[in-house]
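Reviewing the structure listed below.
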Amino acid sequence: MAYTITAIEGNRQRLDGGAMYGNAPKALWNRWSEPDSLNRIELACRALLIEGPNGKILCETGIGAFFEPKLAERYGVQKADEHVLLSGLNEHGVSQDDIDYVVLSHLHFDHAGGLLPKYSDIEKGNDSLLFPKAQYIIGKKAFERCLKPHPRDRASFIPLIKEKLIEAQERCILVDPDRPLGIFDGRMSFFYSDGHTPGQMLLIFRGDTETVFFCGDLIPGSPWLHTPITMGYDRFPELLIDEKTALYERALPENWLLFYTHDPRICASKCKKDSKGRMIADGLKPILNRYPI
């Protein structure tokens with residue numbers, strides 16, 4: 001049985017375009033992302049499902065539907081009364097109980113919020129983490145950041161997620177960069193990035209024919225491939241630029257498939273340099289449905 005990858009949509013959201021594009025002027029970024037009347041742009045919160053003979057991996061869980069209505073409106077959460085990720089998995093014949101591992105690049109709410117039930121269920125007292133048979137794979141440094149966030153990014157972490165992960169520590173695999181993760185026949189490895197948030201851990205999965213890289217918030221979507229483009233949310237933008245440069249030194253010669261969690265139009269692409277030496281997307285994939293790797 002070959003390994004396959006599927007893009008699973010989660011709840012989308014809208015955030016301020018200027019914040020998402022950092023110091024890039026609006027005259028530039030509105031070519032890539034059309035803002036609404038509130039200057040917000042649409043963002044996917046997409047998960048990656050990897051299936052193979054060793055089980056099923058879900059890379060991230062999106063923003064989910066856990067926010068109370070007032071906060072859901074503030075953060076532009078779409079379909080805020082529906083857990084879209086679970087619906088998407090079901091459409092592909094996959095239930096919560098089928099997931100063996102959930103890989104979390106970091107624990108900001110738009111990447112880990114989907115671990116929680118929707119708000120109406122939490123209000124009824126059902127606040128247990130989803131994917132009850134899965135082990136949660138989290139970078140040790142990212143987990144520590146969640147436990148003790150800096151005032152600069154404290155609002156990006158949700159106390160309930162922290163509390164529930166502490167309760168479920170027996171199911172958490174905290175990854176130390178110095179110790180390889182010995183599962184899935186050694187096909188899983190990670191690229192570590194501190195530019196967006198300390199300890200972001202991005203999955204590299206080597207299939208039989210192709211390597212897929214989960215870009216997380218190192219490269220939120222195809223416009224951010226251009227090396228100087230960073231987010232206002234990034235803790236250390238200059239470091240992030242250096243990290244993207246280091247990534248391309250590996251991804252280009254090996255022709256990696258880059259998976260985007262926040263790009264509203266495409267799920268993945270290859271990358272290449274244009275005539276001016278700028279990094280751009282190539283071989284766009286708007287849909288990934290059990291794509292063999």
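Ordering of the structure tokens sets the chain letters (A, B, ...); residue numbers start at 1 within each chain; ligands are numbered from 1 in the order shown.
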| request: Might you pull out every residue within 10 Å of stretch 29-40 of chain A, with only C-alpha atoms counted and same-chain residues fewer than 4 positions away left off, and present them as a PyMOL selection string? | output: chain A and resi 13-22+24-25+75-76+222-224+229+263-264
| Residue list (alpha helix (DSSP H), DSSP) for stretch 79-257 of chain A, as an MDAnalysis selection string | chainID A and resid 84:91 109:112 119:123 140:147 159:167 237:254
Output of the above residues as a short mmCIF file (atom, residue, chain, number, x, y, z; two decimals), in the first residue's frame, restricted to C-alpha atoms:
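Below you can see part32.cif, which holds the result:
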```
data_model
loop_
_atom_site.label_atom_id
_atom_site.label_comp_id
_atom_site.auth_asym_id
_atom_site.auth_seq_id
_atom_site.Cartn_x
_atom_site.Cartn_y
_atom_site.Cartn_z
CA VAL A 84 -15.51 21.79 9.51
CA LEU A 85 -12.40 19.61 9.94
CA LEU A 86 -14.44 16.71 11.34
CA SER A 87 -16.95 17.07 8.51
CA GLY A 88 -14.12 17.00 5.98
CA LEU A 89 -12.59 13.88 7.48
CA ASN A 90 -15.98 12.16 7.45
CA GLU A 91 -16.41 13.02 3.78
CA PHE A 109 -5.10 28.55 18.31
CA ASP A 110 -5.41 28.64 14.51
CA HIS A 111 -3.29 25.49 14.29
CA ALA A 112 -4.39 23.57 17.38
CA TYR A 119 -18.31 25.83 21.43
CA SER A 120 -21.86 24.53 21.90
CA ASP A 121 -20.47 21.17 23.07
CA ILE A 122 -17.98 22.81 25.42
CA GLU A 123 -20.86 24.84 26.91
CA LYS A 140 9.24 20.05 23.30
CA LYS A 141 10.18 23.69 22.82
CA ALA A 142 6.78 24.58 21.34
CA PHE A 143 5.03 22.86 24.25
CA GLU A 144 7.13 24.82 26.75
CA ARG A 145 6.24 28.03 24.92
CA CYS A 146 2.57 27.21 25.32
CA LEU A 147 3.06 26.65 29.06
CA PRO A 159 -5.72 28.09 28.23
CA LEU A 160 -8.16 25.21 27.71
CA ILE A 161 -5.89 23.56 25.13
CA LYS A 162 -2.94 23.87 27.51
CA GLU A 163 -4.95 22.40 30.39
CA LYS A 164 -6.21 19.47 28.32
CA LEU A 165 -2.78 18.65 26.89
CA ILE A 166 -1.33 18.61 30.40
CA GLU A 167 -4.10 16.19 31.43
CA PRO A 237 11.16 38.24 11.03
CA GLU A 238 14.83 38.43 10.06
CA LEU A 239 15.46 34.99 11.53
CA LEU A 240 12.43 33.65 9.66
CA ILE A 241 13.87 34.94 6.37
CA ASP A 242 17.13 33.11 7.11
CA GLU A 243 15.14 29.96 7.89
CA LYS A 244 13.26 30.14 4.60
CA THR A 245 16.56 30.52 2.78
CA ALA A 246 17.90 27.40 4.53
CA LEU A 247 14.73 25.49 3.68
CA TYR A 248 14.98 26.33 -0.03
CA GLU A 249 18.53 25.00 -0.09
CA ARG A 250 17.00 21.60 0.70
CA ALA A 251 13.59 21.81 -0.95
CA LEU A 252 14.70 23.05 -4.38
CA PRO A 253 17.26 20.36 -5.31
CA GLU A 254 15.05 17.59 -3.91
#
```
| field | Which of A:Arg265, A:Phe213, A:Ser189, A:Pro151 sits closest to A:Arg235 [using only C-alpha atoms] | value |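 Looking only at the distances to A:Arg235, the closest residue turns out to be A:Pro151.
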| message | When you look at A:Cys215 with a cut-off of 12 Å (counting only C-alpha atoms), what residues show up, excluding the ones that are within fewer than 2 positions of it in the same chain? I need them as a PyMOL selection string. | response | chain A and resi 46-48+59-60+104-106+111+190-193+196+200-205+212-213+217-222+224-225+243-244+247-248+251+256-263+267-270
File dump, residues just selected, C-alpha atoms, as a PDB file, in the first residue's frame:
```pdb
ATOM      1  CA  ARG A  46      -6.113  23.384   6.383  1.00  0.00           C
ATOM      2  CA  ALA A  47      -4.919  20.047   7.750  1.00  0.00           C
ATOM      3  CA  LEU A  48      -2.875  17.368   5.989  1.00  0.00           C
ATOM      4  CA  CYS A  59      -0.926  17.296  10.547  1.00  0.00           C
ATOM      5  CA  GLU A  60      -2.589  20.021  12.583  1.00  0.00           C
ATOM      6  CA  LEU A 104       1.145  19.905  15.841  1.00  0.00           C
ATOM      7  CA  SER A 105       3.720  22.310  14.442  1.00  0.00           C
ATOM      8  CA  HIS A 106       2.997  24.730  17.300  1.00  0.00           C
ATOM      9  CA  HIS A 111      -3.287  25.490  14.292  1.00  0.00           C
ATOM     10  CA  PHE A 190      11.280  17.776  11.122  1.00  0.00           C
ATOM     11  CA  PHE A 191      12.517  21.209  10.156  1.00  0.00           C
ATOM     12  CA  TYR A 192      12.725  23.482  13.190  1.00  0.00           C
ATOM     13  CA  SER A 193      11.949  27.176  12.976  1.00  0.00           C
ATOM     14  CA  HIS A 196       7.475  32.763  13.806  1.00  0.00           C
ATOM     15  CA  GLN A 200       7.827  25.556  15.498  1.00  0.00           C
ATOM     16  CA  MET A 201       8.274  21.967  14.272  1.00  0.00           C
ATOM     17  CA  LEU A 202       7.467  21.351  10.598  1.00  0.00           C
ATOM     18  CA  LEU A 203       6.961  17.842   9.276  1.00  0.00           C
ATOM     19  CA  ILE A 204       9.020  16.397   6.435  1.00  0.00           C
ATOM     20  CA  PHE A 205       7.459  13.153   5.227  1.00  0.00           C
ATOM     21  CA  VAL A 212       6.058  16.527   1.278  1.00  0.00           C
ATOM     22  CA  PHE A 213       6.867  19.441   3.588  1.00  0.00           C
ATOM     23  CA  ASP A 217       3.613  29.459   9.561  1.00  0.00           C
ATOM     24  CA  LEU A 218       7.094  29.480   8.070  1.00  0.00           C
ATOM     25  CA  ILE A 219       5.359  29.849   4.681  1.00  0.00           C
ATOM     26  CA  PRO A 220       1.624  30.376   5.341  1.00  0.00           C
ATOM     27  CA  GLY A 221       0.742  30.321   1.640  1.00  0.00           C
ATOM     28  CA  SER A 222       2.248  30.735  -1.809  1.00  0.00           C
ATOM     29  CA  TRP A 224       4.980  34.112   1.356  1.00  0.00           C
ATOM     30  CA  LEU A 225       7.355  31.998  -0.715  1.00  0.00           C
ATOM     31  CA  GLU A 243      15.140  29.959   7.887  1.00  0.00           C
ATOM     32  CA  LYS A 244      13.256  30.143   4.599  1.00  0.00           C
ATOM     33  CA  LEU A 247      14.728  25.494   3.679  1.00  0.00           C
ATOM     34  CA  TYR A 248      14.977  26.331  -0.029  1.00  0.00           C
ATOM     35  CA  ALA A 251      13.591  21.807  -0.952  1.00  0.00           C
ATOM     36  CA  TRP A 256       9.796  18.859  -2.373  1.00  0.00           C
ATOM     37  CA  LEU A 257       6.043  19.315  -2.445  1.00  0.00           C
ATOM     38  CA  LEU A 258       5.198  22.226  -0.135  1.00  0.00           C
ATOM     39  CA  PHE A 259       1.867  22.022   1.713  1.00  0.00           C
ATOM     40  CA  TYR A 260       0.200  25.300   2.725  1.00  0.00           C
ATOM     41  CA  THR A 261      -2.147  25.493   5.675  1.00  0.00           C
ATOM     42  CA  HIS A 262      -3.361  29.096   5.168  1.00  0.00           C
ATOM     43  CA  ASP A 263      -3.449  29.571   1.386  1.00  0.00           C
ATOM     44  CA  CYS A 267      -3.165  23.255  -1.107  1.00  0.00           C
ATOM     45  CA  ALA A 268       0.372  22.682  -2.266  1.00  0.00           C
ATOM     46  CA  SER A 269       2.982  23.411  -4.900  1.00  0.00           C
ATOM     47  CA  LYS A 270       6.566  22.933  -5.843  1.00  0.00           C
TER      48      LYS A 270
END
```
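Atom CA of A:Ile57 is positioned 21.3 Å from atom CA of A:Arg12.
Taking atom CA of A:Leu115 as the reference point, atom CA of A:Ile5 is found at 20.2 Å.
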| request: Would you mind reading off the distance between atom CA of A:Gly139 and atom CA of A:Gly125, one decimal, in Å? | output: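 Computing it gives 29.2 Å between the two atoms.
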